[in-house]
Amino acid sequence: IIGSTLEAHLKELCKNNSIDVDFLNGKGKLVPKKASVLNDNLAKKNIYSSAYHKQITAWLEIRNSAAHGNYHDYRKEEIKLMLQGVRQFLLTTK
């Protein structure tokens with residue numbers, strides 16, 4: 001849930017800052033950009049700091065590990081910190 005909330009916020013930040021959230025793939029089909037690409041795009045436009053960019057990259061790694069059942073890749077304490085960090089990120093970025 002934390003990761004989904006983070007991704008939704010990244011999409012909203014992109015929309016608010018005129019960054020496309022979709023792209024045309026090689027078959028000409030419009031597909032959503034991955035959260036990591038949205039993060040990179042937002043950082044390139046200086047929407048947030050490089051420190052946030054790196055932190056979001058780490059959060060997205062935890063999210064991907066959880067989504068693929070790789071629960072040994074992170075600890076409960078990291079999830080607690082992620083929750084606190086994502087909450088702060090949501091409050092401080094518009």
# chains A, B, ... in the order shown; residues from 1 in each chain; ligands from 1
call {"tool": "residues_around", "arguments": {"residues": "Asp22 (chain A)", "least_positions_apart": "2", "cutoff": "12 Å", "atoms": "only C-alpha atoms", "output": "ChimeraX atom specification"}}
result
/A:11,14-15,18-20,24-25,28-35,37-38,41
call {"tool": "write_last_selection", "arguments": {"atoms": "all heavy atoms", "output": "short mmCIF file (atom, residue, chain, number, x, y, z; two decimals), in the first residue's frame"}}
result
data_model
loop_
_atom_site.label_atom_id
_atom_site.label_comp_id
_atom_site.auth_asym_id
_atom_site.auth_seq_id
_atom_site.Cartn_x
_atom_site.Cartn_y
_atom_site.Cartn_z
N LYS A 11 2.95 10.15 -9.93
CA LYS A 11 2.14 10.44 -11.13
C LYS A 11 1.47 11.81 -11.00
O LYS A 11 1.46 12.58 -11.96
CB LYS A 11 1.09 9.36 -11.35
CG LYS A 11 1.65 8.06 -11.85
CD LYS A 11 0.56 7.02 -12.04
CE LYS A 11 1.17 5.70 -12.49
NZ LYS A 11 0.16 4.66 -12.66
N CYS A 14 3.97 14.55 -11.47
CA CYS A 14 4.29 14.69 -12.90
C CYS A 14 3.20 15.49 -13.61
O CYS A 14 3.50 16.43 -14.35
CB CYS A 14 4.45 13.33 -13.55
SG CYS A 14 6.02 12.51 -13.16
N LYS A 15 1.96 15.12 -13.39
CA LYS A 15 0.85 15.84 -14.03
C LYS A 15 0.84 17.31 -13.64
O LYS A 15 0.63 18.18 -14.49
CB LYS A 15 -0.49 15.19 -13.65
CG LYS A 15 -0.67 13.82 -14.27
CD LYS A 15 -1.95 13.16 -13.77
CE LYS A 15 -2.08 11.74 -14.29
NZ LYS A 15 -3.28 11.07 -13.74
N SER A 18 3.63 19.20 -15.63
CA SER A 18 3.64 19.02 -17.09
C SER A 18 4.65 17.98 -17.57
O SER A 18 5.34 18.17 -18.57
CB SER A 18 3.91 20.37 -17.78
OG SER A 18 2.94 21.31 -17.41
N ILE A 19 4.73 16.87 -16.85
CA ILE A 19 5.57 15.75 -17.24
C ILE A 19 4.63 14.60 -17.64
O ILE A 19 3.74 14.24 -16.88
CB ILE A 19 6.48 15.30 -16.07
CG1 ILE A 19 7.43 16.43 -15.67
CG2 ILE A 19 7.27 14.04 -16.44
CD1 ILE A 19 8.22 16.16 -14.40
N ASP A 20 4.84 14.07 -18.82
CA ASP A 20 4.00 12.97 -19.30
C ASP A 20 4.15 11.75 -18.40
O ASP A 20 5.26 11.40 -17.98
CB ASP A 20 4.39 12.57 -20.72
CG ASP A 20 4.03 13.62 -21.75
OD1 ASP A 20 3.06 14.38 -21.51
OD2 ASP A 20 4.72 13.70 -22.78
N LEU A 24 4.71 6.28 -25.80
CA LEU A 24 4.40 5.35 -26.88
C LEU A 24 5.48 4.29 -26.92
O LEU A 24 6.67 4.59 -27.06
CB LEU A 24 4.35 6.08 -28.22
CG LEU A 24 3.13 6.95 -28.49
CD1 LEU A 24 3.27 7.68 -29.81
CD2 LEU A 24 1.85 6.11 -28.49
N ASN A 25 5.08 3.02 -26.79
CA ASN A 25 6.07 1.95 -26.86
C ASN A 25 6.42 1.65 -28.32
O ASN A 25 5.91 2.32 -29.23
CB ASN A 25 5.58 0.70 -26.12
CG ASN A 25 4.40 0.01 -26.80
OD1 ASN A 25 4.01 0.34 -27.92
ND2 ASN A 25 3.83 -0.96 -26.10
N GLY A 28 3.68 1.39 -30.83
CA GLY A 28 2.79 2.52 -31.00
C GLY A 28 1.66 2.59 -30.00
O GLY A 28 0.70 3.33 -30.17
N LYS A 29 1.76 1.79 -28.93
CA LYS A 29 0.72 1.77 -27.91
C LYS A 29 1.13 2.69 -26.76
O LYS A 29 2.29 2.69 -26.32
CB LYS A 29 0.54 0.34 -27.39
CG LYS A 29 -0.54 0.20 -26.35
CD LYS A 29 -0.69 -1.25 -25.89
CE LYS A 29 -1.72 -1.32 -24.78
NZ LYS A 29 -1.81 -2.65 -24.20
N LEU A 30 0.17 3.47 -26.26
CA LEU A 30 0.41 4.36 -25.14
C LEU A 30 0.40 3.53 -23.85
O LEU A 30 -0.59 2.87 -23.54
CB LEU A 30 -0.66 5.45 -25.08
CG LEU A 30 -0.39 6.63 -24.18
CD1 LEU A 30 0.85 7.40 -24.62
CD2 LEU A 30 -1.59 7.56 -24.14
N VAL A 31 1.53 3.53 -23.12
CA VAL A 31 1.66 2.75 -21.89
C VAL A 31 2.18 3.65 -20.77
O VAL A 31 2.88 4.64 -21.02
CB VAL A 31 2.59 1.54 -22.08
CG1 VAL A 31 2.01 0.55 -23.06
CG2 VAL A 31 3.97 1.97 -22.52
N PRO A 32 1.85 3.32 -19.53
CA PRO A 32 2.31 4.14 -18.41
C PRO A 32 3.82 3.98 -18.18
O PRO A 32 4.36 2.89 -18.35
CB PRO A 32 1.53 3.60 -17.21
CG PRO A 32 0.84 2.37 -17.64
CD PRO A 32 0.95 2.26 -19.11
N LYS A 33 4.44 5.08 -17.79
CA LYS A 33 5.86 5.03 -17.42
C LYS A 33 6.00 4.33 -16.08
O LYS A 33 5.11 4.40 -15.23
CB LYS A 33 6.43 6.45 -17.28
CG LYS A 33 6.56 7.20 -18.57
CD LYS A 33 7.14 8.59 -18.30
CE LYS A 33 7.26 9.41 -19.57
NZ LYS A 33 7.76 10.78 -19.26
N LYS A 34 7.11 3.66 -15.89
CA LYS A 34 7.40 3.03 -14.61
C LYS A 34 7.65 4.11 -13.57
O LYS A 34 8.07 5.23 -13.89
CB LYS A 34 8.62 2.12 -14.72
CG LYS A 34 8.38 0.91 -15.59
CD LYS A 34 9.56 -0.01 -15.58
CE LYS A 34 9.24 -1.24 -16.41
NZ LYS A 34 10.20 -2.31 -16.17
N ALA A 35 7.41 3.76 -12.32
CA ALA A 35 7.61 4.71 -11.22
C ALA A 35 9.05 5.22 -11.18
O ALA A 35 9.28 6.40 -10.90
CB ALA A 35 7.23 4.06 -9.89
N VAL A 37 11.01 5.75 -13.67
CA VAL A 37 11.16 6.75 -14.74
C VAL A 37 10.50 8.06 -14.32
O VAL A 37 11.06 9.15 -14.55
CB VAL A 37 10.57 6.22 -16.07
CG1 VAL A 37 10.58 7.30 -17.14
CG2 VAL A 37 11.33 4.98 -16.53
N LEU A 38 9.33 7.98 -13.69
CA LEU A 38 8.68 9.18 -13.19
C LEU A 38 9.59 9.89 -12.18
O LEU A 38 9.76 11.11 -12.23
CB LEU A 38 7.34 8.84 -12.52
CG LEU A 38 6.28 8.17 -13.40
CD1 LEU A 38 5.07 7.81 -12.56
CD2 LEU A 38 5.90 9.04 -14.57
N ASN A 41 12.37 11.61 -14.04
CA ASN A 41 11.85 12.79 -14.74
C ASN A 41 11.63 13.95 -13.78
O ASN A 41 11.97 15.11 -14.10
CB ASN A 41 10.56 12.48 -15.47
CG ASN A 41 10.72 11.55 -16.66
OD1 ASN A 41 9.72 11.05 -17.17
ND2 ASN A 41 11.93 11.27 -17.12
#
call {"tool": "select_by_dssp", "arguments": {"residues": "chain A", "states": "strand (DSSP E or B)", "output": "list in words"}}
result
Asp22, Phe23, Leu24, Leu30, Val31 and Pro32 of chain A
call {"tool": "select_by_dssp", "arguments": {"residues": "region 2-88 of chain A", "states": "alpha helix (DSSP H)", "output": "ChimeraX atom specification"}}
result
/A:2-16,35-44,50-67,76-88
call {"tool": "write_last_selection", "arguments": {"atoms": "C-alpha atoms", "output": "PDB file, in the first residue's frame"}}
result
ATOM      1  CA  ILE A   2       2.874   2.376   0.789  1.00  0.00           C
ATOM      2  CA  GLY A   3       4.438   1.719  -2.607  1.00  0.00           C
ATOM      3  CA  SER A   4       1.153   2.196  -4.464  1.00  0.00           C
ATOM      4  CA  THR A   5       0.574   5.466  -2.640  1.00  0.00           C
ATOM      5  CA  LEU A   6       4.084   6.607  -3.512  1.00  0.00           C
ATOM      6  CA  GLU A   7       3.606   5.765  -7.190  1.00  0.00           C
ATOM      7  CA  ALA A   8       0.254   7.556  -7.321  1.00  0.00           C
ATOM      8  CA  HIS A   9       1.860  10.648  -5.803  1.00  0.00           C
ATOM      9  CA  LEU A  10       4.720  10.547  -8.316  1.00  0.00           C
ATOM     10  CA  LYS A  11       2.143  10.437 -11.129  1.00  0.00           C
ATOM     11  CA  GLU A  12       0.264  13.374  -9.621  1.00  0.00           C
ATOM     12  CA  LEU A  13       3.492  15.373  -9.253  1.00  0.00           C
ATOM     13  CA  CYS A  14       4.288  14.695 -12.900  1.00  0.00           C
ATOM     14  CA  LYS A  15       0.849  15.838 -14.026  1.00  0.00           C
ATOM     15  CA  ASN A  16       1.110  18.973 -11.881  1.00  0.00           C
ATOM     16  CA  ALA A  35       7.607   4.707 -11.219  1.00  0.00           C
ATOM     17  CA  SER A  36      11.403   4.800 -11.479  1.00  0.00           C
ATOM     18  CA  VAL A  37      11.161   6.751 -14.739  1.00  0.00           C
ATOM     19  CA  LEU A  38       8.678   9.185 -13.185  1.00  0.00           C
ATOM     20  CA  ASN A  39      11.121   9.651 -10.301  1.00  0.00           C
ATOM     21  CA  ASP A  40      13.973  10.332 -12.733  1.00  0.00           C
ATOM     22  CA  ASN A  41      11.854  12.794 -14.740  1.00  0.00           C
ATOM     23  CA  LEU A  42      10.842  14.710 -11.617  1.00  0.00           C
ATOM     24  CA  ALA A  43      14.425  14.924 -10.386  1.00  0.00           C
ATOM     25  CA  LYS A  44      15.645  16.147 -13.790  1.00  0.00           C
ATOM     26  CA  SER A  50      18.720  14.638  -5.493  1.00  0.00           C
ATOM     27  CA  ALA A  51      18.558  13.295  -1.932  1.00  0.00           C
ATOM     28  CA  TYR A  52      14.811  12.699  -2.319  1.00  0.00           C
ATOM     29  CA  HIS A  53      15.450  11.129  -5.721  1.00  0.00           C
ATOM     30  CA  LYS A  54      17.840   8.622  -4.160  1.00  0.00           C
ATOM     31  CA  GLN A  55      15.492   7.925  -1.262  1.00  0.00           C
ATOM     32  CA  ILE A  56      12.565   7.330  -3.603  1.00  0.00           C
ATOM     33  CA  THR A  57      14.737   4.946  -5.624  1.00  0.00           C
ATOM     34  CA  ALA A  58      15.379   2.965  -2.436  1.00  0.00           C
ATOM     35  CA  TRP A  59      11.667   2.953  -1.534  1.00  0.00           C
ATOM     36  CA  LEU A  60      10.800   1.718  -5.016  1.00  0.00           C
ATOM     37  CA  GLU A  61      13.298  -1.130  -4.616  1.00  0.00           C
ATOM     38  CA  ILE A  62      11.600  -2.186  -1.381  1.00  0.00           C
ATOM     39  CA  ARG A  63       8.215  -1.950  -3.117  1.00  0.00           C
ATOM     40  CA  ASN A  64       9.393  -4.140  -5.986  1.00  0.00           C
ATOM     41  CA  SER A  65      10.870  -6.717  -3.600  1.00  0.00           C
ATOM     42  CA  ALA A  66       7.565  -6.903  -1.721  1.00  0.00           C
ATOM     43  CA  ALA A  67       5.556  -7.148  -4.938  1.00  0.00           C
ATOM     44  CA  LYS A  76      10.377  -4.593   9.262  1.00  0.00           C
ATOM     45  CA  GLU A  77      12.331  -1.574  10.525  1.00  0.00           C
ATOM     46  CA  GLU A  78      12.941  -0.436   6.944  1.00  0.00           C
ATOM     47  CA  ILE A  79       9.208  -0.556   6.252  1.00  0.00           C
ATOM     48  CA  LYS A  80       8.519   1.598   9.301  1.00  0.00           C
ATOM     49  CA  LEU A  81      11.074   4.149   8.076  1.00  0.00           C
ATOM     50  CA  MET A  82       9.640   3.974   4.567  1.00  0.00           C
ATOM     51  CA  LEU A  83       6.159   4.709   5.901  1.00  0.00           C
ATOM     52  CA  GLN A  84       7.424   7.733   7.829  1.00  0.00           C
ATOM     53  CA  GLY A  85       9.438   8.962   4.855  1.00  0.00           C
ATOM     54  CA  VAL A  86       6.649   8.561   2.313  1.00  0.00           C
ATOM     55  CA  ARG A  87       4.224  10.348   4.634  1.00  0.00           C
ATOM     56  CA  GLN A  88       6.671  13.261   4.919  1.00  0.00           C
TER      57      GLN A  88
END
call {"tool": "atom_distance", "arguments": {"atom1": "CA of Phe23 (chain A)", "atom2": "CA of Thr92 (chain A)"}}
result
27.5 Å
